[in-house]
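K.L.:
Structure file coords.cif (mmCIF, C-alpha atoms) right here:
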data_input
loop_
_atom_site.group_PDB
_atom_site.id
_atom_site.type_symbol
_atom_site.label_atom_id
_atom_site.label_comp_id
_atom_site.auth_asym_id
_atom_site.auth_seq_id
_atom_site.Cartn_x
_atom_site.Cartn_y
_atom_site.Cartn_z
ATOM 1 C CA MET K 15 121.595 74.941 120.126
ATOM 2 C CA LYS K 16 119.432 72.017 119.116
ATOM 3 C CA LEU K 17 116.224 72.982 117.326
ATOM 4 C CA ASP K 18 113.103 70.843 117.356
ATOM 5 C CA PRO K 19 110.180 70.929 114.894
ATOM 6 C CA ILE K 20 108.304 73.524 116.972
ATOM 7 C CA ASP K 21 111.346 75.841 116.957
ATOM 8 C CA LEU K 22 111.507 75.457 113.178
ATOM 9 C CA ARG K 23 107.813 76.314 112.842
ATOM 10 C CA ILE K 24 108.358 79.402 115.006
ATOM 11 C CA LEU K 25 111.254 80.478 112.790
ATOM 12 C CA ALA K 26 109.235 79.911 109.618
ATOM 13 C CA GLU K 27 106.285 81.915 110.962
ATOM 14 C CA VAL K 28 108.291 84.924 112.156
ATOM 15 C CA GLN K 29 110.165 84.975 108.851
ATOM 16 C CA ARG K 30 106.866 85.139 106.981
ATOM 17 C CA ASP K 31 105.402 87.744 109.331
ATOM 18 C CA GLY K 32 107.708 89.524 111.768
ATOM 19 C CA ARG K 33 104.759 91.496 113.111
ATOM 20 C CA ILE K 34 102.733 88.445 114.075
ATOM 21 C CA THR K 35 101.219 88.662 117.563
ATOM 22 C CA LYS K 36 102.435 86.251 120.186
ATOM 23 C CA VAL K 37 98.934 84.768 120.456
ATOM 24 C CA ALA K 38 98.685 84.176 116.697
ATOM 25 C CA LEU K 39 102.211 82.709 116.641
ATOM 26 C CA ALA K 40 101.330 80.322 119.462
ATOM 27 C CA GLU K 41 98.199 79.206 117.597
ATOM 28 C CA ARG K 42 100.078 78.619 114.340
ATOM 29 C CA VAL K 43 102.783 76.499 115.969
ATOM 30 C CA GLY K 44 100.436 74.593 118.287
ATOM 31 C CA LEU K 45 101.539 75.915 121.683
ATOM 32 C CA SER K 46 100.010 78.024 124.373
ATOM 33 C CA ALA K 47 101.223 81.634 124.557
ATOM 34 C CA THR K 48 103.730 81.395 127.430
ATOM 35 C CA PRO K 49 105.742 78.371 126.172
ATOM 36 C CA CYS K 50 105.737 79.873 122.678
ATOM 37 C CA TRP K 51 106.977 83.215 124.033
ATOM 38 C CA ASN K 52 109.709 81.419 126.023
ATOM 39 C CA ARG K 53 110.893 79.582 122.904
ATOM 40 C CA LEU K 54 110.864 82.799 120.884
ATOM 41 C CA ARG K 55 112.984 84.544 123.545
ATOM 42 C CA ARG K 56 115.401 81.582 123.609
ATOM 43 C CA LEU K 57 115.802 81.799 119.815
ATOM 44 C CA GLU K 58 116.431 85.554 120.084
ATOM 45 C CA ASP K 59 118.871 85.187 122.998
ATOM 46 C CA ALA K 60 120.814 82.518 121.068
ATOM 47 C CA GLY K 61 121.160 84.893 118.116
ATOM 48 C CA ILE K 62 119.192 82.603 115.811
ATOM 49 C CA ILE K 63 116.656 85.393 115.377
ATOM 50 C CA SER K 64 118.861 88.426 114.851
ATOM 51 C CA GLY K 65 116.174 91.034 114.265
ATOM 52 C CA TYR K 66 112.849 91.936 112.723
ATOM 53 C CA HIS K 67 112.874 93.926 109.513
ATOM 54 C CA ALA K 68 110.571 95.334 106.877
ATOM 55 C CA HIS K 69 111.310 94.223 103.319
ATOM 56 C CA VAL K 70 111.238 97.512 101.409
ATOM 57 C CA ALA K 71 110.639 97.459 97.648
ATOM 58 C CA ALA K 72 113.508 99.873 96.963
ATOM 59 C CA ARG K 73 112.538 100.539 93.360
ATOM 60 C CA ALA K 74 109.114 101.740 94.545
ATOM 61 C CA VAL K 75 110.872 104.429 96.594
ATOM 62 C CA VAL K 76 113.806 105.482 94.433
ATOM 63 C CA SER K 77 115.324 104.653 91.063
ATOM 64 C CA ILE K 78 118.283 102.346 91.643
ATOM 65 C CA THR K 79 120.584 100.102 89.679
ATOM 66 C CA LEU K 80 121.513 96.760 91.186
ATOM 67 C CA ILE K 81 124.967 95.459 90.352
ATOM 68 C CA PHE K 82 126.833 92.271 91.214
ATOM 69 C CA VAL K 83 130.615 92.547 91.257
ATOM 70 C CA GLU K 84 133.182 89.773 91.249
ATOM 71 C CA ILE K 85 136.402 90.828 92.979
ATOM 72 C CA LYS K 86 139.810 89.247 92.659
ATOM 73 C CA LEU K 87 142.473 90.463 95.084
ATOM 74 C CA ALA K 88 146.140 90.903 94.247
ATOM 75 C CA GLY K 89 147.320 89.296 97.498
ATOM 76 C CA HIS K 90 145.942 86.367 99.424
ATOM 77 C CA ARG K 91 147.317 86.814 102.925
ATOM 78 C CA LYS K 92 145.106 87.525 105.925
ATOM 79 C CA PRO K 93 146.068 91.239 106.019
ATOM 80 C CA ASP K 94 145.013 91.524 102.347
ATOM 81 C CA PHE K 95 141.571 90.102 103.091
ATOM 82 C CA ASP K 96 141.234 92.173 106.273
ATOM 83 C CA ARG K 97 142.095 95.435 104.458
ATOM 84 C CA PHE K 98 139.566 94.760 101.697
ATOM 85 C CA GLU K 99 136.799 93.744 104.127
ATOM 86 C CA ARG K 100 137.352 96.859 106.270
ATOM 87 C CA ALA K 101 137.012 99.047 103.177
ATOM 88 C CA VAL K 102 133.832 97.282 102.011
ATOM 89 C CA ARG K 103 132.172 97.771 105.408
ATOM 90 C CA GLN K 104 132.645 101.539 104.981
ATOM 91 C CA VAL K 105 130.676 101.760 101.708
ATOM 92 C CA PRO K 106 126.918 101.905 102.360
ATOM 93 C CA GLN K 107 126.072 101.181 98.710
ATOM 94 C CA ILE K 108 127.702 97.757 99.048
ATOM 95 C CA ILE K 109 124.764 95.985 100.629
ATOM 96 C CA SER K 110 126.202 92.455 100.602
ATOM 97 C CA CYS K 111 129.687 91.008 100.426
ATOM 98 C CA TRP K 112 130.493 87.324 100.384
ATOM 99 C CA ALA K 113 133.965 85.746 100.506
ATOM 100 C CA THR K 114 134.010 82.857 98.037
ATOM 101 C CA GLY K 115 136.111 79.868 97.112
ATOM 102 C CA GLY K 116 137.074 79.263 93.520
ATOM 103 C CA SER K 117 138.176 81.661 90.828
ATOM 104 C CA ILE K 118 137.072 84.871 92.581
ATOM 105 C CA ASP K 119 137.684 86.104 96.110
ATOM 106 C CA TYR K 120 134.495 88.106 96.789
ATOM 107 C CA LEU K 121 131.056 88.667 95.368
ATOM 108 C CA LEU K 122 129.471 92.056 96.081
ATOM 109 C CA ARG K 123 125.898 93.260 95.714
ATOM 110 C CA VAL K 124 125.866 97.000 95.118
ATOM 111 C CA VAL K 125 123.038 99.502 94.726
ATOM 112 C CA ALA K 126 123.626 102.835 93.035
ATOM 113 C CA ARG K 127 121.443 105.481 91.454
ATOM 114 C CA ASP K 128 123.021 104.702 88.052
ATOM 115 C CA ILE K 129 126.109 103.204 86.406
ATOM 116 C CA ALA K 130 128.109 106.429 86.772
ATOM 117 C CA ALA K 131 127.504 106.413 90.551
ATOM 118 C CA TYR K 132 128.551 102.754 90.697
ATOM 119 C CA GLN K 133 131.748 103.540 88.789
ATOM 120 C CA GLU K 134 132.544 106.307 91.299
ATOM 121 C CA ILE K 135 132.338 103.721 94.086
ATOM 122 C CA MET K 136 134.708 101.388 92.268
ATOM 123 C CA ASP K 137 137.104 104.213 91.363
ATOM 124 C CA ARG K 138 137.205 105.241 95.033
ATOM 125 C CA LEU K 139 137.988 101.655 96.125
ATOM 126 C CA LEU K 140 140.723 101.398 93.510
ATOM 127 C CA ALA K 141 142.206 104.758 94.567
ATOM 128 C CA GLU K 142 142.233 103.635 98.206
ATOM 129 C CA GLU K 143 144.375 100.674 97.138
ATOM 130 C CA VAL K 144 142.449 98.067 99.094
ATOM 131 C CA GLY K 145 144.036 95.234 97.118
ATOM 132 C CA ILE K 146 141.727 94.804 94.122
ATOM 133 C CA SER K 147 143.578 93.354 91.142
ATOM 134 C CA ARG K 148 140.512 92.793 88.915
ATOM 135 C CA TYR K 149 136.781 93.256 89.103
ATOM 136 C CA PHE K 150 133.933 92.178 86.880
ATOM 137 C CA THR K 151 130.623 94.020 86.802
ATOM 138 C CA PHE K 152 127.194 92.479 86.162
ATOM 139 C CA VAL K 153 124.250 94.865 85.913
ATOM 140 C CA VAL K 154 120.896 93.390 86.938
ATOM 141 C CA THR K 155 118.372 93.964 84.169
ATOM 142 C CA LYS K 156 115.457 92.130 85.778
ATOM 143 C CA THR K 157 114.831 90.612 89.200
ATOM 144 C CA VAL K 158 113.239 87.216 88.748
ATOM 145 C CA LYS K 159 113.263 86.161 92.402
ATOM 146 C CA ASP K 160 114.552 87.853 95.535
ATOM 147 C CA ASP K 161 113.044 86.087 98.526
ATOM 148 C CA PRO K 162 114.492 87.053 101.919
ATOM 149 C CA VAL K 163 112.767 84.072 103.584
ATOM 150 C CA LEU K 164 115.107 81.125 104.094
ATOM 151 C CA PRO K 165 113.511 77.722 103.518
ATOM 152 C CA ILE K 166 114.563 76.484 106.963
ATOM 153 C CA ALA K 167 112.299 73.453 107.109
ATOM 154 C CA GLU K 168 113.424 72.357 103.628
ATOM 155 C CA ALA K 169 117.107 72.801 104.440
ATOM 156 C CA LEU K 170 116.835 70.679 107.587
ATOM 157 C CA ARG K 171 114.749 67.900 106.053
ATOM 158 C CA PRO K 172 116.749 64.668 105.730
ATOM 159 C CA PRO K 173 117.763 63.876 102.140
ATOM 160 C CA ALA K 174 115.566 61.454 100.237
ATOM 161 C CA VAL K 175 116.911 57.952 100.010
ATOM 162 C CA ALA K 176 117.591 56.833 96.429
ATOM 163 C CA ARG K 177 115.925 53.573 95.459
#
Please, can you express the file's structure as structure tokens?

P.N.:
Amino acid sequence: MKLDPIDLRILAEVQRDGRITKVALAERVGLSATPCWNRLRRLEDAGIISGYHAHVAARAVVSITLIFVEIKLAGHRKPDFDRFERAVRQVPQIISCWATGGSIDYLLRVVARDIAAYQEIMDRLLAEEVGISRYFTFVVTKTVKDDPVLPIAEALRPPAVAR
């Protein structure tokens, strides 16, 4: 789906405020309400807008420890990756999992009430024999930036020409 500058403005606005009214959205992007609504529906139908969510400050609700984990698998065949990914999807405390290129196979973002609870998660994965050969744990001591808003307009801007 080809996106034009108005589509990008719509995306930027709904990322900043998912509860924005259709009238306010139309005003901010420079359209009347009906064409703006039609574009918004098209972006939703295409799966470009996959949902509207509240960003909850988890630490304001409950005491948690945030951990990043590098995972290296023992095997590197498709069934090895599939088995590991199935297992990860079953663990609610693993809130993100990315397959990576390079020296590690996966990077996980895990939340747990404390380090002991995190270690229970890892022990369970190891006991289930999902193919982990090594893992490296990094405990987050301070969040410097955690912005869920993607800089869409910046990412799609043409690169500057070197002089």

K.L.:
Evaluate the PyMOL selection byres ((chain K and resi 43) around 12) against this structure - the residues, as a list in words, please.

P.N.:
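The output of the PyMOL selection byres ((chain K and resi 43) around 12) on this file is Asp18, Pro19, Ile20, Asp21, Leu22, Arg23, Ile24, Leu25, Ala26, Glu27, Val28, Lys36, Val37, Ala38, Leu39, Ala40, Glu41, Arg42, Gly44, Leu45, Ser46, Ala47, Pro49, Cys50, Trp51, Arg53 and Leu54 of chain K.
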
K.L.:
Between K:Thr155, K:Gly116, K:Val105, K:Gln29, which residue has the minimum interatomic distance to His67 (chain K), considering all atoms listed in the file?

P.N.:
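So, comparing all the options, the nearest one is K:Gln29.
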
K.L.:
For a quick check of understanding, using only C-alpha atoms, which of K:Gly115, K:Pro162, K:Pro173, K:Gly89 has the smallest distance to Ile146 (chain K)?

P.N.:
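Smallest distance to Ile146 (chain K) is found for K:Gly89.
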
K.L.:
So which one's closest to Val124 (chain K), K:Leu80, K:Tyr149, K:Leu164, K:His90? Using all atoms listed in the file, please.

P.N.:
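Of all the options, K:Leu80 lies closest to Val124 (chain K).
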
K.L.:
Give me, please, the distance in Å between CA of Arg30 (chain K) and CA of Asp59 (chain K), quoted to one decimal.

P.N.:
20.0 Å

K.L.:
My list of candidates is K:Leu139, K:Leu87, K:Met15, K:Val75. Which is closest to Ala60 (chain K) when distances are computed with all atoms listed in the file?

P.N.:
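Closest residue, counting all atoms listed in the file: K:Met15.
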
K.L.:
Would you kindly translate the PyMOL selection byres ((chain K and resi 106) around 12) into the concrete residues it picks from this file, as a list in words?

P.N.:
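Listing what the PyMOL selection byres ((chain K and resi 106) around 12) selects in the shown file: Ala101, Val102, Arg103, Gln104, Val105, Gln107, Ile108, Ile109, Ser110, Cys111, Leu122, Arg123, Val124, Val125, Ala126, Tyr132 and Ile135 of chain K.
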
K.L.:
How would the residues just picked look written out with C-alpha atoms as a compact mmCIF listing (two decimals), in the frame of the given file?

P.N.:
# COMPACT_ATOMS: atom_id res chain seq x y z
CA ALA K 101 137.01 99.05 103.18
CA VAL K 102 133.83 97.28 102.01
CA ARG K 103 132.17 97.77 105.41
CA GLN K 104 132.65 101.54 104.98
CA VAL K 105 130.68 101.76 101.71
CA GLN K 107 126.07 101.18 98.71
CA ILE K 108 127.70 97.76 99.05
CA ILE K 109 124.76 95.98 100.63
CA SER K 110 126.20 92.46 100.60
CA CYS K 111 129.69 91.01 100.43
CA LEU K 122 129.47 92.06 96.08
CA ARG K 123 125.90 93.26 95.71
CA VAL K 124 125.87 97.00 95.12
CA VAL K 125 123.04 99.50 94.73
CA ALA K 126 123.63 102.84 93.04
CA TYR K 132 128.55 102.75 90.70
CA ILE K 135 132.34 103.72 94.09

K.L.:
What is the CA of Arg100 (chain K) to CA of Lys86 (chain K) distance in Å?

P.N.:
15.8 Å

K.L.:
Which one is closest to Arg91 (chain K): K:Met136, K:Asn52, K:Gly145, K:Leu57? Count only C-alpha atoms.

P.N.:
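So, comparing all the options, the nearest one is K:Gly145.
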
K.L.:
Quick one: 6 Å padding each side, axis-aligned, all listed atoms of region 93-98 of chain K - centre and edge lengths in Å to one decimal, as AutoDock Vina command-line options?

P.N.:
--center_x 142.8 --center_y 92.8 --center_z 104.0 --size_x 18.5 --size_y 17.3 --size_z 16.6

K.L.:
Calculate how many Å separate CA of Phe82 (chain K) from CA of Ile62 (chain K), rounding to one decimal.

P.N.:
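These atoms are spaced 27.5 Å apart.
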